[in-house]
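Structure file structure15.cif with mmCIF, C-alpha atoms, pLDDT in the B column; chains and numbers go by the auth columns:
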data_my_file
#
loop_
_atom_site.group_PDB
_atom_site.id
_atom_site.type_symbol
_atom_site.label_atom_id
_atom_site.label_comp_id
_atom_site.label_asym_id
_atom_site.label_seq_id
_atom_site.Cartn_x
_atom_site.Cartn_y
_atom_site.Cartn_z
_atom_site.B_iso_or_equiv
_atom_site.auth_seq_id
_atom_site.auth_asym_id
ATOM 1 C CA MET A 1 1.917 18.671 19.582 71.00 1 A
ATOM 2 C CA SER A 2 -1.313 17.865 17.773 93.00 2 A
ATOM 3 C CA SER A 3 -2.102 14.484 16.254 95.00 3 A
ATOM 4 C CA GLU A 4 -1.795 16.036 12.816 96.00 4 A
ATOM 5 C CA ALA A 5 1.688 17.337 13.626 97.00 5 A
ATOM 6 C CA ASN A 6 2.691 13.907 14.930 98.00 6 A
ATOM 7 C CA LYS A 7 1.414 12.289 11.735 98.00 7 A
ATOM 8 C CA ALA A 8 3.611 14.651 9.738 98.00 8 A
ATOM 9 C CA LEU A 9 6.632 13.614 11.856 98.00 9 A
ATOM 10 C CA ALA A 10 5.956 9.919 11.236 98.00 10 A
ATOM 11 C CA ARG A 11 5.601 10.685 7.535 98.00 11 A
ATOM 12 C CA ARG A 12 8.954 12.511 7.548 98.00 12 A
ATOM 13 C CA ILE A 13 10.688 9.450 9.029 98.00 13 A
ATOM 14 C CA VAL A 14 9.271 7.255 6.275 98.00 14 A
ATOM 15 C CA GLU A 15 9.506 9.549 3.286 98.00 15 A
ATOM 16 C CA GLU A 16 12.455 11.842 4.031 98.00 16 A
ATOM 17 C CA MET A 17 14.669 9.495 6.015 98.00 17 A
ATOM 18 C CA TRP A 18 14.006 6.033 4.525 98.00 18 A
ATOM 19 C CA ASN A 19 12.935 6.964 0.999 98.00 19 A
ATOM 20 C CA THR A 20 15.031 10.073 0.368 98.00 20 A
ATOM 21 C CA LYS A 21 17.927 8.986 2.658 98.00 21 A
ATOM 22 C CA ASN A 22 18.081 12.313 4.478 98.00 22 A
ATOM 23 C CA LEU A 23 19.704 11.444 7.808 98.00 23 A
ATOM 24 C CA ASN A 24 19.170 14.982 9.145 98.00 24 A
ATOM 25 C CA VAL A 25 15.695 13.707 9.990 98.00 25 A
ATOM 26 C CA VAL A 26 17.285 11.705 12.820 98.00 26 A
ATOM 27 C CA ASP A 27 18.590 14.886 14.465 98.00 27 A
ATOM 28 C CA GLU A 28 15.352 16.757 13.894 98.00 28 A
ATOM 29 C CA VAL A 29 12.726 14.131 14.736 98.00 29 A
ATOM 30 C CA TYR A 30 14.295 11.460 16.992 98.00 30 A
ATOM 31 C CA SER A 31 14.710 11.955 20.713 98.00 31 A
ATOM 32 C CA PRO A 32 18.404 11.694 21.705 97.00 32 A
ATOM 33 C CA GLU A 33 17.360 8.864 24.050 96.00 33 A
ATOM 34 C CA PHE A 34 15.784 6.761 21.298 97.00 34 A
ATOM 35 C CA GLY A 35 17.473 3.484 20.363 93.00 35 A
ATOM 36 C CA GLY A 36 20.962 4.188 21.624 94.00 36 A
ATOM 37 C CA GLY A 37 21.107 7.774 20.379 97.00 37 A
ATOM 38 C CA HIS A 38 21.258 9.657 17.101 98.00 38 A
ATOM 39 C CA GLU A 39 24.562 8.184 15.889 97.00 39 A
ATOM 40 C CA ALA A 40 23.437 4.623 16.534 97.00 40 A
ATOM 41 C CA THR A 41 20.182 5.304 14.699 97.00 41 A
ATOM 42 C CA LYS A 42 22.033 6.799 11.738 98.00 42 A
ATOM 43 C CA GLN A 43 24.345 3.781 11.589 97.00 43 A
ATOM 44 C CA PHE A 44 21.322 1.451 11.657 97.00 44 A
ATOM 45 C CA VAL A 45 19.619 3.347 8.845 98.00 45 A
ATOM 46 C CA THR A 46 22.799 3.684 6.774 98.00 46 A
ATOM 47 C CA ALA A 47 23.545 -0.034 7.106 97.00 47 A
ATOM 48 C CA HIS A 48 20.065 -1.010 5.949 97.00 48 A
ATOM 49 C CA LEU A 49 20.124 1.443 3.061 97.00 49 A
ATOM 50 C CA ALA A 50 23.458 -0.037 1.923 97.00 50 A
ATOM 51 C CA ILE A 51 21.892 -3.500 1.849 97.00 51 A
ATOM 52 C CA PHE A 52 18.647 -2.249 0.256 97.00 52 A
ATOM 53 C CA PRO A 53 19.612 0.873 -1.767 97.00 53 A
ATOM 54 C CA ASP A 54 16.262 1.121 -3.565 98.00 54 A
ATOM 55 C CA LEU A 55 14.196 0.689 -0.372 98.00 55 A
ATOM 56 C CA HIS A 56 10.872 2.440 -0.779 98.00 56 A
ATOM 57 C CA ILE A 57 8.036 2.636 1.717 98.00 57 A
ATOM 58 C CA THR A 58 4.600 3.756 0.578 98.00 58 A
ATOM 59 C CA ILE A 59 2.249 4.993 3.286 98.00 59 A
ATOM 60 C CA GLN A 60 -1.251 3.585 2.877 98.00 60 A
ATOM 61 C CA ASP A 61 -2.964 5.022 5.944 98.00 61 A
ATOM 62 C CA GLN A 62 -2.325 6.968 9.141 98.00 62 A
ATOM 63 C CA ILE A 63 -4.433 7.026 12.318 98.00 63 A
ATOM 64 C CA ALA A 64 -3.437 9.194 15.273 98.00 64 A
ATOM 65 C CA GLU A 65 -4.655 9.942 18.771 98.00 65 A
ATOM 66 C CA ASN A 66 -2.860 11.884 21.481 97.00 66 A
ATOM 67 C CA ASP A 67 0.847 11.037 21.327 97.00 67 A
ATOM 68 C CA LEU A 68 0.500 7.899 19.146 98.00 68 A
ATOM 69 C CA VAL A 69 0.521 7.566 15.361 98.00 69 A
ATOM 70 C CA ALA A 70 -0.195 4.324 13.512 98.00 70 A
ATOM 71 C CA THR A 71 1.123 4.102 9.961 98.00 71 A
ATOM 72 C CA ARG A 72 0.177 1.303 7.574 98.00 72 A
ATOM 73 C CA TYR A 73 2.616 0.840 4.716 98.00 73 A
ATOM 74 C CA VAL A 74 3.938 -1.267 1.875 98.00 74 A
ATOM 75 C CA MET A 75 7.714 -1.717 1.720 98.00 75 A
ATOM 76 C CA ARG A 76 9.658 -2.901 -1.299 98.00 76 A
ATOM 77 C CA ALA A 77 13.402 -3.250 -1.806 98.00 77 A
ATOM 78 C CA THR A 78 16.092 -5.210 -3.617 97.00 78 A
ATOM 79 C CA GLN A 79 18.837 -6.954 -1.621 96.00 79 A
ATOM 80 C CA GLN A 80 22.279 -5.865 -2.879 96.00 80 A
ATOM 81 C CA ARG A 81 24.536 -6.913 0.006 95.00 81 A
ATOM 82 C CA GLU A 82 24.690 -9.736 2.548 94.00 82 A
ATOM 83 C CA PHE A 83 21.908 -9.480 5.073 91.00 83 A
ATOM 84 C CA ALA A 84 21.409 -11.730 8.110 84.00 84 A
ATOM 85 C CA ASN A 85 23.557 -14.477 6.557 86.00 85 A
ATOM 86 C CA ILE A 86 21.627 -14.224 3.292 88.00 86 A
ATOM 87 C CA GLN A 87 23.870 -13.765 0.267 91.00 87 A
ATOM 88 C CA PRO A 88 22.586 -11.097 -2.129 91.00 88 A
ATOM 89 C CA ALA A 89 20.937 -12.456 -5.258 90.00 89 A
ATOM 90 C CA GLY A 90 19.398 -9.220 -6.497 93.00 90 A
ATOM 91 C CA LYS A 91 15.972 -10.366 -5.404 95.00 91 A
ATOM 92 C CA GLN A 92 13.204 -7.884 -4.705 97.00 92 A
ATOM 93 C CA PHE A 93 10.550 -8.175 -2.034 97.00 93 A
ATOM 94 C CA THR A 94 7.310 -6.354 -1.360 98.00 94 A
ATOM 95 C CA VAL A 95 5.728 -6.705 2.088 98.00 95 A
ATOM 96 C CA THR A 96 3.149 -4.986 4.267 98.00 96 A
ATOM 97 C CA GLY A 97 3.685 -3.508 7.706 98.00 97 A
ATOM 98 C CA ILE A 98 2.038 -1.398 10.362 98.00 98 A
ATOM 99 C CA GLU A 99 4.080 0.671 12.788 98.00 99 A
ATOM 100 C CA MET A 100 3.186 2.791 15.765 98.00 100 A
ATOM 101 C CA HIS A 101 5.233 5.827 16.753 98.00 101 A
ATOM 102 C CA ARG A 102 5.007 7.676 20.060 98.00 102 A
ATOM 103 C CA PHE A 103 6.100 11.297 20.144 98.00 103 A
ATOM 104 C CA ALA A 104 6.806 13.625 23.058 97.00 104 A
ATOM 105 C CA ASP A 105 7.327 17.331 22.452 96.00 105 A
ATOM 106 C CA GLY A 106 7.791 16.770 18.732 96.00 106 A
ATOM 107 C CA LYS A 107 10.378 13.986 19.104 98.00 107 A
ATOM 108 C CA LEU A 108 10.143 10.247 18.529 98.00 108 A
ATOM 109 C CA VAL A 109 10.469 8.417 21.850 98.00 109 A
ATOM 110 C CA GLU A 110 9.073 4.942 21.117 98.00 110 A
ATOM 111 C CA LEU A 111 8.457 2.742 18.084 98.00 111 A
ATOM 112 C CA TRP A 112 6.662 -0.550 17.570 98.00 112 A
ATOM 113 C CA ASN A 113 7.024 -1.949 14.068 98.00 113 A
ATOM 114 C CA VAL A 114 5.293 -5.072 12.777 98.00 114 A
ATOM 115 C CA VAL A 115 6.495 -5.922 9.283 98.00 115 A
ATOM 116 C CA ASP A 116 6.003 -9.176 7.416 97.00 116 A
ATOM 117 C CA ALA A 117 9.539 -10.471 7.900 96.00 117 A
ATOM 118 C CA LEU A 118 8.475 -14.000 6.917 96.00 118 A
ATOM 119 C CA GLY A 119 7.144 -12.734 3.600 96.00 119 A
ATOM 120 C CA MET A 120 10.409 -10.887 3.071 96.00 120 A
ATOM 121 C CA LEU A 121 12.563 -13.977 3.734 94.00 121 A
ATOM 122 C CA GLN A 122 10.312 -16.067 1.492 94.00 122 A
ATOM 123 C CA GLN A 123 10.644 -13.587 -1.353 95.00 123 A
ATOM 124 C CA LEU A 124 14.420 -13.375 -0.829 93.00 124 A
ATOM 125 C CA GLY A 125 14.453 -17.132 -1.344 89.00 125 A
ATOM 126 C CA VAL A 126 15.727 -18.302 2.056 88.00 126 A
ATOM 127 C CA ILE A 127 12.472 -19.739 3.424 86.00 127 A
ATOM 128 C CA SER A 128 10.168 -21.797 1.245 80.00 128 A
ATOM 129 C CA LYS A 129 6.532 -20.743 1.000 74.00 129 A
ATOM 130 C CA MET B 1 -20.650 7.256 16.289 58.00 1 B
ATOM 131 C CA SER B 2 -17.915 8.570 18.483 93.00 2 B
ATOM 132 C CA GLU B 3 -14.350 7.372 18.457 97.00 3 B
ATOM 133 C CA GLU B 4 -14.709 6.193 22.050 97.00 4 B
ATOM 134 C CA PHE B 5 -17.715 4.070 21.090 98.00 5 B
ATOM 135 C CA ASN B 6 -15.781 2.584 18.158 98.00 6 B
ATOM 136 C CA LYS B 7 -12.993 1.640 20.566 98.00 7 B
ATOM 137 C CA LEU B 8 -15.554 -0.129 22.729 98.00 8 B
ATOM 138 C CA ILE B 9 -16.725 -2.167 19.725 98.00 9 B
ATOM 139 C CA VAL B 10 -13.155 -3.261 18.947 98.00 10 B
ATOM 140 C CA ARG B 11 -12.364 -4.003 22.587 98.00 11 B
ATOM 141 C CA ARG B 12 -15.456 -6.219 22.789 98.00 12 B
ATOM 142 C CA ILE B 13 -14.250 -8.204 19.745 98.00 13 B
ATOM 143 C CA TRP B 14 -10.858 -8.790 21.349 98.00 14 B
ATOM 144 C CA GLU B 15 -12.226 -9.707 24.762 98.00 15 B
ATOM 145 C CA GLU B 16 -15.517 -11.434 23.985 98.00 16 B
ATOM 146 C CA VAL B 17 -14.651 -13.057 20.642 98.00 17 B
ATOM 147 C CA TRP B 18 -10.922 -13.761 20.510 97.00 18 B
ATOM 148 C CA GLN B 19 -10.387 -14.224 24.254 97.00 19 B
ATOM 149 C CA ALA B 20 -13.700 -15.682 25.429 97.00 20 B
ATOM 150 C CA GLY B 21 -14.743 -17.427 22.202 97.00 21 B
ATOM 151 C CA ASN B 22 -18.261 -16.003 21.991 98.00 22 B
ATOM 152 C CA LEU B 23 -18.768 -16.202 18.232 98.00 23 B
ATOM 153 C CA ALA B 24 -22.295 -14.767 18.424 98.00 24 B
ATOM 154 C CA VAL B 25 -20.708 -11.374 19.119 98.00 25 B
ATOM 155 C CA ILE B 26 -19.320 -11.463 15.575 98.00 26 B
ATOM 156 C CA ASP B 27 -22.854 -11.285 14.183 98.00 27 B
ATOM 157 C CA GLU B 28 -23.476 -8.273 16.387 98.00 28 B
ATOM 158 C CA LEU B 29 -20.256 -6.343 15.720 98.00 29 B
ATOM 159 C CA VAL B 30 -18.815 -7.535 12.379 98.00 30 B
ATOM 160 C CA ASP B 31 -20.453 -6.761 9.040 98.00 31 B
ATOM 161 C CA SER B 32 -21.560 -9.830 7.076 98.00 32 B
ATOM 162 C CA ASN B 33 -19.470 -8.590 4.127 98.00 33 B
ATOM 163 C CA HIS B 34 -16.404 -7.865 6.286 98.00 34 B
ATOM 164 C CA LEU B 35 -13.198 -7.541 4.256 97.00 35 B
ATOM 165 C CA LEU B 36 -9.946 -8.739 5.871 97.00 36 B
ATOM 166 C CA HIS B 37 -6.471 -7.788 4.631 97.00 37 B
ATOM 167 C CA ALA B 38 -4.072 -10.310 6.155 95.00 38 B
ATOM 168 C CA TYR B 39 -1.514 -13.027 5.395 94.00 39 B
ATOM 169 C CA PHE B 40 -2.658 -16.044 3.437 88.00 40 B
ATOM 170 C CA GLU B 41 -2.789 -18.198 6.580 87.00 41 B
ATOM 171 C CA ASP B 42 -5.532 -15.929 7.888 88.00 42 B
ATOM 172 C CA LEU B 43 -7.414 -15.596 4.603 91.00 43 B
ATOM 173 C CA GLU B 44 -7.937 -19.284 3.894 91.00 44 B
ATOM 174 C CA TYR B 45 -10.973 -19.286 6.185 93.00 45 B
ATOM 175 C CA GLY B 46 -12.923 -17.154 3.725 90.00 46 B
ATOM 176 C CA SER B 47 -14.276 -13.621 3.847 90.00 47 B
ATOM 177 C CA GLY B 48 -17.164 -11.984 5.647 97.00 48 B
ATOM 178 C CA ALA B 49 -18.413 -12.558 9.172 97.00 49 B
ATOM 179 C CA GLU B 50 -18.526 -16.312 8.585 97.00 50 B
ATOM 180 C CA GLY B 51 -14.859 -16.359 7.555 97.00 51 B
ATOM 181 C CA PHE B 52 -14.047 -14.315 10.656 97.00 52 B
ATOM 182 C CA LYS B 53 -15.785 -16.939 12.817 98.00 53 B
ATOM 183 C CA ARG B 54 -13.782 -19.745 11.200 97.00 54 B
ATOM 184 C CA LEU B 55 -10.555 -17.770 11.695 97.00 55 B
ATOM 185 C CA VAL B 56 -11.240 -17.244 15.395 97.00 56 B
ATOM 186 C CA SER B 57 -12.345 -20.868 15.879 97.00 57 B
ATOM 187 C CA ALA B 58 -9.208 -22.203 14.215 96.00 58 B
ATOM 188 C CA ASN B 59 -6.969 -19.950 16.306 96.00 59 B
ATOM 189 C CA ARG B 60 -8.682 -20.967 19.525 96.00 60 B
ATOM 190 C CA ALA B 61 -8.389 -24.640 18.562 96.00 61 B
ATOM 191 C CA TRP B 62 -4.660 -24.240 17.854 95.00 62 B
ATOM 192 C CA PHE B 63 -4.016 -22.155 20.964 97.00 63 B
ATOM 193 C CA PRO B 64 -6.694 -22.976 23.560 95.00 64 B
ATOM 194 C CA ASP B 65 -4.695 -21.297 26.347 95.00 65 B
ATOM 195 C CA GLY B 66 -3.818 -18.191 24.336 96.00 66 B
ATOM 196 C CA LYS B 67 -3.867 -14.946 26.294 97.00 67 B
ATOM 197 C CA LEU B 68 -4.197 -11.614 24.515 97.00 68 B
ATOM 198 C CA THR B 69 -3.102 -8.273 25.934 98.00 69 B
ATOM 199 C CA ILE B 70 -4.206 -4.961 24.407 98.00 70 B
ATOM 200 C CA GLU B 71 -1.150 -2.713 24.662 98.00 71 B
ATOM 201 C CA ASP B 72 -2.572 0.352 22.914 98.00 72 B
ATOM 202 C CA LEU B 73 -5.999 1.254 21.556 98.00 73 B
ATOM 203 C CA ILE B 74 -6.383 4.481 19.589 98.00 74 B
ATOM 204 C CA ALA B 75 -9.066 5.857 17.293 98.00 75 B
ATOM 205 C CA GLU B 76 -9.454 8.571 14.707 98.00 76 B
ATOM 206 C CA GLY B 77 -12.485 9.094 12.524 98.00 77 B
ATOM 207 C CA ASP B 78 -14.006 5.715 11.647 98.00 78 B
ATOM 208 C CA LYS B 79 -10.834 3.712 12.362 98.00 79 B
ATOM 209 C CA VAL B 80 -9.507 2.011 15.490 98.00 80 B
ATOM 210 C CA VAL B 81 -5.948 0.717 15.910 99.00 81 B
ATOM 211 C CA THR B 82 -5.042 -2.049 18.356 98.00 82 B
ATOM 212 C CA ARG B 83 -1.479 -2.899 19.255 98.00 83 B
ATOM 213 C CA TYR B 84 -1.440 -6.245 21.035 98.00 84 B
ATOM 214 C CA THR B 85 0.803 -8.916 22.387 98.00 85 B
ATOM 215 C CA ALA B 86 -0.341 -12.517 22.744 98.00 86 B
ATOM 216 C CA GLN B 87 1.006 -15.440 24.732 98.00 87 B
ATOM 217 C CA MET B 88 -0.046 -18.303 22.473 97.00 88 B
ATOM 218 C CA THR B 89 1.541 -21.165 24.451 96.00 89 B
ATOM 219 C CA PRO B 90 3.635 -21.080 27.648 96.00 90 B
ATOM 220 C CA SER B 91 6.758 -20.771 25.460 95.00 91 B
ATOM 221 C CA ALA B 92 5.545 -18.935 22.336 97.00 92 B
ATOM 222 C CA ALA B 93 4.388 -15.340 22.050 98.00 93 B
ATOM 223 C CA THR B 94 3.575 -12.993 19.224 98.00 94 B
ATOM 224 C CA LYS B 95 2.560 -9.396 18.604 98.00 95 B
ATOM 225 C CA GLY B 96 0.625 -7.484 16.023 98.00 96 B
ATOM 226 C CA ILE B 97 -1.199 -4.339 15.026 98.00 97 B
ATOM 227 C CA TRP B 98 -4.784 -4.326 13.734 98.00 98 B
ATOM 228 C CA ILE B 99 -6.655 -1.502 12.069 98.00 99 B
ATOM 229 C CA ASP B 100 -10.446 -1.773 12.019 98.00 100 B
ATOM 230 C CA GLN B 101 -12.809 0.452 10.054 98.00 101 B
ATOM 231 C CA ILE B 102 -16.274 0.828 11.545 98.00 102 B
ATOM 232 C CA ARG B 103 -19.495 1.810 9.849 97.00 103 B
ATOM 233 C CA ASP B 104 -22.952 1.773 11.474 96.00 104 B
ATOM 234 C CA ASN B 105 -21.525 0.155 14.625 97.00 105 B
ATOM 235 C CA LYS B 106 -19.971 -2.780 12.767 98.00 106 B
ATOM 236 C CA VAL B 107 -16.445 -3.550 11.632 98.00 107 B
ATOM 237 C CA VAL B 108 -16.513 -3.478 7.830 98.00 108 B
ATOM 238 C CA GLU B 109 -12.825 -3.764 6.956 98.00 109 B
ATOM 239 C CA SER B 110 -9.640 -4.763 8.822 98.00 110 B
ATOM 240 C CA TRP B 111 -5.931 -4.689 8.106 98.00 111 B
ATOM 241 C CA VAL B 112 -3.504 -6.738 10.164 98.00 112 B
ATOM 242 C CA ASP B 113 0.224 -7.332 10.375 98.00 113 B
ATOM 243 C CA TRP B 114 1.554 -9.692 13.025 97.00 114 B
ATOM 244 C CA ASP B 115 4.872 -11.361 13.791 97.00 115 B
ATOM 245 C CA ARG B 116 4.229 -14.702 12.142 96.00 116 B
ATOM 246 C CA LEU B 117 7.981 -15.273 11.591 95.00 117 B
ATOM 247 C CA GLY B 118 8.669 -14.965 15.308 95.00 118 B
ATOM 248 C CA LEU B 119 5.771 -17.215 16.278 96.00 119 B
ATOM 249 C CA PHE B 120 6.542 -19.899 13.691 94.00 120 B
ATOM 250 C CA ARG B 121 10.178 -19.963 14.845 94.00 121 B
ATOM 251 C CA GLN B 122 9.189 -20.315 18.496 95.00 122 B
ATOM 252 C CA LEU B 123 6.862 -23.173 17.517 94.00 123 B
ATOM 253 C CA GLY B 124 9.724 -24.846 15.634 92.00 124 B
ATOM 254 C CA LEU B 125 7.997 -24.574 12.257 91.00 125 B
ATOM 255 C CA ILE B 126 10.845 -22.510 10.775 89.00 126 B
ATOM 256 C CA PRO B 127 14.562 -22.926 11.582 78.00 127 B
ATOM 257 C CA PRO B 128 16.049 -20.003 13.517 69.00 128 B
ATOM 258 C CA ALA B 129 18.137 -18.180 10.895 62.00 129 B
ATOM 259 C CA GLY B 130 18.156 -14.694 9.473 50.00 130 B
ATOM 260 C CA GLU B 131 16.872 -11.550 11.046 49.00 131 B
ATOM 261 C CA PRO B 132 13.813 -9.525 10.151 50.00 132 B
ATOM 262 C CA THR B 133 14.304 -5.983 8.976 44.00 133 B
ATOM 263 C CA GLY B 134 12.660 -3.008 10.628 44.00 134 B
ATOM 264 C CA GLU B 135 13.236 0.500 11.794 41.00 135 B
#

Let me see the structure of the file written as structure tokens.
Amino acid sequence: MSSEANKALARRIVEEMWNTKNLNVVDEVYSPEFGGGHEATKQFVTAHLAIFPDLHITIQDQIAENDLVATRYVMRATQQREFANIQPAGKQFTVTGIEMHRFADGKLVELWNVVDALGMLQQLGVISK
Amino acid sequence: MSEEFNKLIVRRIWEEVWQAGNLAVIDELVDSNHLLHAYFEDLEYGSGAEGFKRLVSANRAWFPDGKLTIEDLIAEGDKVVTRYTAQMTPSAATKGIWIDQIRDNKVVESWVDWDRLGLFRQLGLIPPAGEPTGE
């Protein structure tokens, strides 16, 4: 697969799976060996989308070489259910992140995600700034 | 310049500046008007090459035995991405991803996200509660 094709796969995970909530992307783009398998991945995604129903990730930049794709993004969401012992208060957060996906034969095999979790917890009101 | 040459520029900044503390390399490889997109902790040292020097100096003063490992280094066009892990103290580590944009052999703009929550918790600055989100 070319770098451009891999970029399109990373974009599908963000825009089709997370933003549009199309879980078929898991079957089509994730390796069966990734993260405990397709069903586990779907449960992870579904659980997070239940907590943050309006989750939206905006891609700011993509850089790719060989089998790796880096994606810089802004993520915003509103907490509607309990999350990590945080009671929902309808608070919204907006944070930055950069993730790196590794693809093999058109399937996601590895992911490194660095998102500003501290900024998120601060904006959800559980850690003071 | 080529993508491979741009990677060399970024690798030199990690190894010679962040790891070895040679701030003179910043004048050679970082534009004087360098623009950094980072968390407020990193931005309080000011912008430009001089701000970059203060940021590195402060980090090295906080973590004199810090050890950085470049896990991945990729490039496309005028940008270079570094995925790194860093052992800041014997008991506290962090990780991050940097994107550097290079023009005329100097870094002109950088974007960084790093696991400040994880590091601050390991250093005891934040109580261990709650979990970060992610994919």

- Could you list the residues chosen by the PyMOL selection byres ((chain A) within 8 of (chain B)) in this structure as a ChimeraX atom specification? /A:45,63-65,68,70,83-86,96-99,113-118,120-121

- Task: List the residues matched by the PyMOL selection byres ((chain A and resi 51) around 8) in the displayed structure as a ChimeraX atom specification, ordered by chain and then by residue number.
- Result: /A:47-50,52-53,79-83

Keeping only C-alpha atoms, write those residues as a PDB file, in the frame of the given file.
ATOM      1  CA  ALA A  47      23.545  -0.034   7.106  1.00 97.00           C
ATOM      2  CA  HIS A  48      20.065  -1.010   5.949  1.00 97.00           C
ATOM      3  CA  LEU A  49      20.124   1.443   3.061  1.00 97.00           C
ATOM      4  CA  ALA A  50      23.458  -0.037   1.923  1.00 97.00           C
ATOM      5  CA  PHE A  52      18.647  -2.249   0.256  1.00 97.00           C
ATOM      6  CA  PRO A  53      19.612   0.873  -1.767  1.00 97.00           C
ATOM      7  CA  GLN A  79      18.837  -6.954  -1.621  1.00 96.00           C
ATOM      8  CA  GLN A  80      22.279  -5.865  -2.879  1.00 96.00           C
ATOM      9  CA  ARG A  81      24.536  -6.913   0.006  1.00 95.00           C
ATOM     10  CA  GLU A  82      24.690  -9.736   2.548  1.00 94.00           C
ATOM     11  CA  PHE A  83      21.908  -9.480   5.073  1.00 91.00           C
TER      12      PHE A  83
END

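Excluding Glu39 in chain A and any residue on its chain fewer than 6 positions from it, the residues at most 10 Å away by all atoms listed in the file are Leu23, Val26, Asp27, Pro32 and Val45 of chain A.
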
- Query: When the PyMOL selection byres ((chain B and resi 29-33) around 8) is applied to the file above, which residues end up in the set, as a list in words?
  - Reply: Ile9, Ile13, Val25, Ile26, Asp27, Glu28, His34, Leu35, Ser47, Gly48, Ala49, Glu50, Asn105, Lys106, Val107 and Val108 of chain B

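Using all atoms listed in the file, the smallest distance between any of A:Glu110, A:Glu4, A:Asp105, A:Met75 and Gly36 in chain A comes from A:Glu110.
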
- Query: If we count only C-alpha atoms, what is near Ala104 in chain A at a cut-off of 10 Å, once residues fewer than 6 positions away on the same chain are taken out, given as a ChimeraX atom specification?
  - Reply: /A:1,6,30-31,66-68,110

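Using all atoms listed in the file, the nearest neighbour of Lys53 in chain B within the list B:Gly21, B:Lys67, B:Tyr84, B:Lys7 is B:Gly21.
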